[in-house]
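> Structure in structure tokens, see below.
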Amino acid sequence: MQLKQELDSAIARLGAEKVPSPRLNAELLLMFTLGCDRAYLYAHPERRLTEEEQSSYDAALAERVRGMPAQYITGHQEFWGMDLIVSPAVLIPRPETEHLIETVLELEGIPCGLPRSGAPASEGRGLNSVARIVDVGTGSGCIALALAKELPKAEIHATDISPAALEIARANAARYQLEDRIRFHQTDLLEGLPGEFDFVVSNPPYVGESEEDEVQLEVRKFEPRDAVFAGPKGTEVIARLIPQAYGALRPGGWLVFEIGATIAKEVSNLLKDGQNVEIKPDLQSLPRVAIGQRRAN
Ligand SMILES: C[S@@+](CC[C@H](N)C(=O)[O-])C[C@H]1O[C@@H](n2cnc3c(N)ncnc32)[C@H](O)[C@@H]1O
């Protein structure tokens, strides 16, 4: 079949199977199969697929119809302008997680053009920041890599309990020549990490098992359960992280982490031993980033 017909029939098939954004998915998987960009697809509508290309495209479409996210099929997801490798061992990085990066940069005195939070931001050291930062539950490494990229003098650590996730994070660091900038640790939250940190940053598991029915089927079926669900309520990992983080931060250091809207109130309460506690909204105005500062001794 010619490329245009192939694309049209894939869009129809994905649409009939109720896959969201059928055109986008059909294009993405065809670009992946042919190793080309979108412009090529539309510049060569009469190009015929080889038998091998045809069967790879069919296999990719079948996986997508089965519900597998396109990112796991292609093995890639973009985050903070970087093309990251992903596999079913790691959560697919989400755009809203970029708010964590923006928040840390803002607190370090690097404006990101975002609405300012109420927390004081001027004490930061800008691009000369030599902050010690740890990303807890690094998954693909997206947060640690973005911060290493933006803060070239900072000391970055990243932890995860999953060895398979750390393997992907290390591969991503190597992909961006950041492997010497980030120290990876396989551990439970902050267990055994040396010294005091200026920032503890995290996108922890925060969905409650009681909310499981409201979670997209694709997420439940294909993303790592331990990356998504924290326990019955959703706050179980955060409730352990907060005291550990306040203990690991230097006085005045910041804990910055992602949350879901349903747990915002409880999280504010859990952060009360710190100061300048704030819950910042995302672009949909949903509570998304929780921050708290360790009090001076
Ligand atoms: C929501 S995912 C976030 C992944 C990545 N940071 C991101 O933003 O896309 C949570 C990550 O925390 C890890 N994790 C879960 N429990 C943990 C624990 N007790 N200690 C360390 N990491 C943990 C999971 O393996 C997973 O990689």
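By convention in this document, the chains of the structure tokens carry letters A, B, ... by their order, each chain's residues are numbered from 1, and ligands are numbered from 1 in the order they are shown.
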Can I get the residues close to ligand 1 as a PDB file with C-alpha atoms, in the first residue's frame, where close means within 6 Å and we count only C-alpha atoms and all ligand atoms?

```pdb
ATOM      1  CA  VAL A  90       9.425   3.469  34.182  1.00  0.00           C
ATOM      2  CA  LEU A  91       6.546   5.903  34.368  1.00  0.00           C
ATOM      3  CA  ILE A  92       6.147   7.911  31.159  1.00  0.00           C
ATOM      4  CA  PRO A  93       7.228  11.455  32.128  1.00  0.00           C
ATOM      5  CA  THR A  97       6.050  17.292  36.157  1.00  0.00           C
ATOM      6  CA  VAL A 136      13.603  10.799  44.957  1.00  0.00           C
ATOM      7  CA  GLY A 137      11.958   8.120  42.777  1.00  0.00           C
ATOM      8  CA  THR A 138      13.774   9.172  39.632  1.00  0.00           C
ATOM      9  CA  GLY A 139      12.136   6.663  37.221  1.00  0.00           C
ATOM     10  CA  SER A 140      13.347   7.618  33.737  1.00  0.00           C
ATOM     11  CA  CYS A 142      13.648  13.064  33.853  1.00  0.00           C
ATOM     12  CA  ILE A 143      13.761  15.404  36.885  1.00  0.00           C
ATOM     13  CA  THR A 159      17.242   7.490  43.994  1.00  0.00           C
ATOM     14  CA  ASP A 160      14.817   4.756  43.049  1.00  0.00           C
ATOM     15  CA  ILE A 161      13.794   1.524  44.686  1.00  0.00           C
ATOM     16  CA  SER A 162      13.582  -0.179  41.279  1.00  0.00           C
ATOM     17  CA  ALA A 165      14.130   2.029  36.498  1.00  0.00           C
ATOM     18  CA  THR A 187      17.381   2.778  47.938  1.00  0.00           C
ATOM     19  CA  ASP A 188      14.072   3.320  49.743  1.00  0.00           C
ATOM     20  CA  LEU A 189      13.331   7.071  49.469  1.00  0.00           C
ATOM     21  CA  ASN A 203       7.381  12.947  41.873  1.00  0.00           C
ATOM     22  CA  PRO A 204       6.426  10.122  44.235  1.00  0.00           C
ATOM     23  CA  PRO A 205       3.661   7.567  43.749  1.00  0.00           C
ATOM     24  CA  ASP A 226       4.732   0.876  42.233  1.00  0.00           C
ATOM     25  CA  ALA A 227       5.320   4.115  40.325  1.00  0.00           C
ATOM     26  CA  VAL A 228       1.641   5.074  40.359  1.00  0.00           C
TER      27      VAL A 228
END
```
> Excluding range 288-294 of chain A and its own-chain neighbours fewer than 3 positions away, which residues fall within 7 Å of it when counting only C-alpha atoms? Please give them as a count of residues only.
24
> Which is closer to Glu214 in chain A than all the others in A:Thr262, A:Arg66, A:Leu14, A:Arg175, using only C-alpha atoms?
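Result for the nearest residue to Glu214 in chain A: A:Thr262.
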> Output as a VMD selection string all residues of range 51-290 of chain A that backbone DSSP marks as strand (DSSP E).
chain A and resid 76 to 79 82 to 85 132 to 136 155 to 160 182 to 186 197 to 202 207 to 208 229 to 231 249 to 258 275 to 281 287 to 290
> Just give me the gap between CA of Arg13 in chain A and CA of Leu61 in chain A in Å, one decimal is fine.
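That distance, rounded to one decimal, is 8.7 Å.
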> Show me, as a ChimeraX atom specification, the residues that have an atom within 10 Å of Thr50 in chain A when counting only C-alpha atoms, minus same-chain residues fewer than 3 positions from it.
/A:1-2,34,47,53-56
> Restricting it to C-alpha atoms, dump the selection as a PDB file, in the first residue's frame.

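Final file, selection.pdb:
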```pdb
ATOM      1  CA  MET A   1       0.000   0.000   0.000  1.00  0.00           C
ATOM      2  CA  GLN A   2       1.008   3.605  -0.540  1.00  0.00           C
ATOM      3  CA  LEU A  34       9.983   4.508   8.915  1.00  0.00           C
ATOM      4  CA  ARG A  47       5.872   6.013  -1.384  1.00  0.00           C
ATOM      5  CA  GLU A  53       7.901  -1.872   7.116  1.00  0.00           C
ATOM      6  CA  GLN A  54       4.312  -2.985   6.583  1.00  0.00           C
ATOM      7  CA  SER A  55       4.532  -5.771   9.131  1.00  0.00           C
ATOM      8  CA  SER A  56       6.351  -3.562  11.700  1.00  0.00           C
TER       9      SER A  56
END
```
> In Å, how far is it from CA of His157 in chain A to CA of Ala264 in chain A?
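CA of Ala264 in chain A lies at a distance of 26.6 Å from CA of His157 in chain A.
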> When you count only C-alpha atoms, which of these residues is closest to Arg64 in chain A: A:Gly192, A:Gly81, A:Gly15, A:Pro111?
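Closest to Arg64 in chain A, using only C-alpha atoms: A:Gly15.
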> What's around Ala26 in chain A at 8 Å? Count only C-alpha atoms, leave out sequence neighbours fewer than 3 positions away in its own chain, and write the answer as number ranges by chain.
A: 7, 10-11, 14, 22-23, 29-30, 61
> Produce a file of the selected residues containing N, CA and C atoms, as an mmCIF file, in the first residue's frame.

```
data_model
loop_
_atom_site.group_PDB
_atom_site.id
_atom_site.type_symbol
_atom_site.label_atom_id
_atom_site.label_comp_id
_atom_site.auth_asym_id
_atom_site.auth_seq_id
_atom_site.Cartn_x
_atom_site.Cartn_y
_atom_site.Cartn_z
ATOM 1 N N LEU A 7 -1.788 5.364 5.966
ATOM 2 C CA LEU A 7 -2.092 6.270 7.070
ATOM 3 C C LEU A 7 -3.611 6.392 7.252
ATOM 4 N N ALA A 10 -4.958 3.312 8.837
ATOM 5 C CA ALA A 10 -4.579 3.211 10.259
ATOM 6 C C ALA A 10 -5.435 4.156 11.113
ATOM 7 N N ILE A 11 -5.677 5.368 10.597
ATOM 8 C CA ILE A 11 -6.494 6.337 11.351
ATOM 9 C C ILE A 11 -7.902 5.758 11.547
ATOM 10 N N LEU A 14 -7.719 2.860 14.188
ATOM 11 C CA LEU A 14 -7.559 3.343 15.569
ATOM 12 C C LEU A 14 -8.838 4.032 16.043
ATOM 13 N N PRO A 22 -6.628 9.454 17.055
ATOM 14 C CA PRO A 22 -6.197 8.428 16.097
ATOM 15 C C PRO A 22 -5.173 8.926 15.065
ATOM 16 N N ARG A 23 -5.352 10.157 14.565
ATOM 17 C CA ARG A 23 -4.405 10.650 13.546
ATOM 18 C C ARG A 23 -3.002 10.789 14.131
ATOM 19 N N LEU A 29 3.298 6.439 15.028
ATOM 20 C CA LEU A 29 3.784 5.065 14.864
ATOM 21 C C LEU A 29 4.359 4.844 13.464
ATOM 22 N N LEU A 30 3.833 5.575 12.473
ATOM 23 C CA LEU A 30 4.401 5.446 11.121
ATOM 24 C C LEU A 30 5.770 6.132 11.042
ATOM 25 N N LEU A 61 0.649 -0.895 15.437
ATOM 26 C CA LEU A 61 -0.773 -0.521 15.535
ATOM 27 C C LEU A 61 -1.533 -1.504 16.432
#
```
> Measuring atom to atom with only C-alpha atoms, identify which of A:Gly141, A:Pro287, A:Pro152, A:Gly208 is nearest to Asn128 in chain A.
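Checking each of A:Gly141, A:Pro287, A:Pro152, A:Gly208 against Asn128 in chain A, counting only C-alpha atoms, the winner is A:Pro152.
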> If we count only C-alpha atoms, what is near Val86 in chain A at a cut-off of 12 Å, once residues fewer than 3 positions away on the same chain are taken out, given as an MDAnalysis selection string?
chainID A and resid 69:79 83 89:94 139:142 164:172 223:224
> Go ahead and write the residues just picked, N, CA, C and O atoms, as a CSV table (one decimal), in the first residue's frame.

```csv
chain,number,residue,atom,x,y,z
A,69,PRO,N,0.6,2.4,25.6
A,69,PRO,CA,0.9,3.8,25.3
A,69,PRO,C,1.9,3.9,24.1
A,69,PRO,O,2.8,3.1,24.1
A,70,ALA,N,1.7,4.8,23.3
A,70,ALA,CA,2.6,5.0,22.1
A,70,ALA,C,4.0,5.1,22.6
A,70,ALA,O,5.0,4.6,21.9
A,71,GLN,N,4.3,5.8,23.7
A,71,GLN,CA,5.6,6.0,24.2
A,71,GLN,C,6.3,4.7,24.5
A,71,GLN,O,7.6,4.6,24.3
A,72,TYR,N,5.6,3.7,25.0
A,72,TYR,CA,6.3,2.4,25.2
A,72,TYR,C,6.5,1.6,23.9
A,72,TYR,O,7.4,0.8,23.9
A,73,ILE,N,5.7,1.9,22.9
A,73,ILE,CA,6.0,1.3,21.6
A,73,ILE,C,7.2,1.9,20.9
A,73,ILE,O,8.0,1.2,20.4
A,74,THR,N,7.2,3.2,21.0
A,74,THR,CA,8.4,3.9,20.3
A,74,THR,C,9.6,3.9,21.2
A,74,THR,O,10.7,4.0,20.7
A,75,GLY,N,9.4,3.8,22.5
A,75,GLY,CA,10.5,3.8,23.4
A,75,GLY,C,11.0,5.2,23.7
A,75,GLY,O,12.1,5.4,24.3
A,76,HIS,N,10.2,6.2,23.4
A,76,HIS,CA,10.7,7.6,23.6
A,76,HIS,C,9.6,8.5,24.2
A,76,HIS,O,8.4,8.3,23.9
A,77,GLN,N,10.0,9.5,25.0
A,77,GLN,CA,9.1,10.5,25.5
A,77,GLN,C,9.9,11.8,25.7
A,77,GLN,O,11.1,11.8,26.2
A,78,GLU,N,9.4,12.9,25.3
A,78,GLU,CA,10.0,14.2,25.4
A,78,GLU,C,9.8,14.8,26.8
A,78,GLU,O,8.7,14.7,27.3
A,79,PHE,N,10.8,15.3,27.4
A,79,PHE,CA,10.6,16.0,28.7
A,79,PHE,C,11.7,17.1,28.8
A,79,PHE,O,12.8,16.9,28.6
A,83,ASP,N,14.8,14.3,24.6
A,83,ASP,CA,14.2,13.1,24.1
A,83,ASP,C,14.7,11.9,25.0
A,83,ASP,O,15.8,11.5,24.9
A,89,ALA,N,9.4,-0.3,32.4
A,89,ALA,CA,10.0,-0.3,33.8
A,89,ALA,C,9.8,1.1,34.4
A,89,ALA,O,10.1,1.2,35.6
A,90,VAL,N,9.5,2.1,33.6
A,90,VAL,CA,9.4,3.5,34.2
A,90,VAL,C,8.1,4.1,33.8
A,90,VAL,O,7.5,3.9,32.8
A,91,LEU,N,7.7,5.1,34.7
A,91,LEU,CA,6.5,5.9,34.4
A,91,LEU,C,6.9,6.8,33.2
A,91,LEU,O,8.0,7.2,33.0
A,92,ILE,N,5.9,7.0,32.3
A,92,ILE,CA,6.1,7.9,31.2
A,92,ILE,C,6.1,9.3,31.7
A,92,ILE,O,5.2,9.7,32.4
A,93,PRO,N,7.2,10.1,31.6
A,93,PRO,CA,7.2,11.5,32.1
A,93,PRO,C,6.1,12.3,31.6
A,93,PRO,O,5.7,12.2,30.4
A,94,ARG,N,5.4,13.0,32.5
A,94,ARG,CA,4.3,13.8,32.1
A,94,ARG,C,4.7,15.3,32.1
A,94,ARG,O,5.5,15.8,32.8
A,139,GLY,N,12.8,7.3,38.4
A,139,GLY,CA,12.1,6.7,37.2
A,139,GLY,C,13.0,6.8,36.0
A,139,GLY,O,14.2,6.3,36.0
A,140,SER,N,12.5,7.4,35.0
A,140,SER,CA,13.3,7.6,33.7
A,140,SER,C,14.5,8.6,34.0
A,140,SER,O,15.4,8.7,33.1
A,141,GLY,N,14.6,9.2,35.1
A,141,GLY,CA,15.6,10.2,35.4
A,141,GLY,C,15.3,11.6,34.9
A,141,GLY,O,16.1,12.5,35.0
A,142,CYS,N,14.0,11.8,34.5
A,142,CYS,CA,13.6,13.1,33.9
A,142,CYS,C,13.9,14.3,34.7
A,142,CYS,O,14.5,15.3,34.2
A,164,ALA,N,15.5,-1.7,37.8
A,164,ALA,CA,15.2,-1.6,36.3
A,164,ALA,C,15.0,-0.2,35.9
A,164,ALA,O,15.4,0.3,34.8
A,165,ALA,N,14.3,0.6,36.8
A,165,ALA,CA,14.1,2.0,36.5
A,165,ALA,C,15.5,2.7,36.5
A,165,ALA,O,15.8,3.5,35.6
A,166,LEU,N,16.3,2.4,37.5
A,166,LEU,CA,17.6,3.1,37.5
A,166,LEU,C,18.5,2.8,36.3
A,166,LEU,O,19.2,3.6,35.8
A,167,GLU,N,18.3,1.6,35.7
A,167,GLU,CA,19.0,1.3,34.5
A,167,GLU,C,18.6,2.2,33.3
A,167,GLU,O,19.5,2.7,32.6
A,168,ILE,N,17.3,2.5,33.2
A,168,ILE,CA,16.8,3.4,32.2
A,168,ILE,C,17.3,4.9,32.5
A,168,ILE,O,17.8,5.6,31.6
A,169,ALA,N,17.3,5.2,33.8
A,169,ALA,CA,17.7,6.6,34.2
A,169,ALA,C,19.2,6.8,33.8
A,169,ALA,O,19.6,7.8,33.3
A,170,ARG,N,20.0,5.8,34.1
A,170,ARG,CA,21.5,5.8,33.7
A,170,ARG,C,21.6,6.0,32.2
A,170,ARG,O,22.5,6.7,31.8
A,171,ALA,N,20.8,5.2,31.5
A,171,ALA,CA,21.0,5.2,30.0
A,171,ALA,C,20.6,6.6,29.5
A,171,ALA,O,21.3,7.2,28.6
A,172,ASN,N,19.6,7.2,30.1
A,172,ASN,CA,19.2,8.6,29.7
A,172,ASN,C,20.3,9.6,30.1
A,172,ASN,O,20.6,10.5,29.3
A,223,GLU,N,1.6,0.9,33.0
A,223,GLU,CA,2.7,1.6,33.7
A,223,GLU,C,3.0,0.9,35.0
A,223,GLU,O,2.1,0.2,35.6
A,224,PRO,N,4.2,1.0,35.5
A,224,PRO,CA,4.6,0.2,36.7
A,224,PRO,C,3.7,0.6,37.9
A,224,PRO,O,3.6,1.8,38.3
```
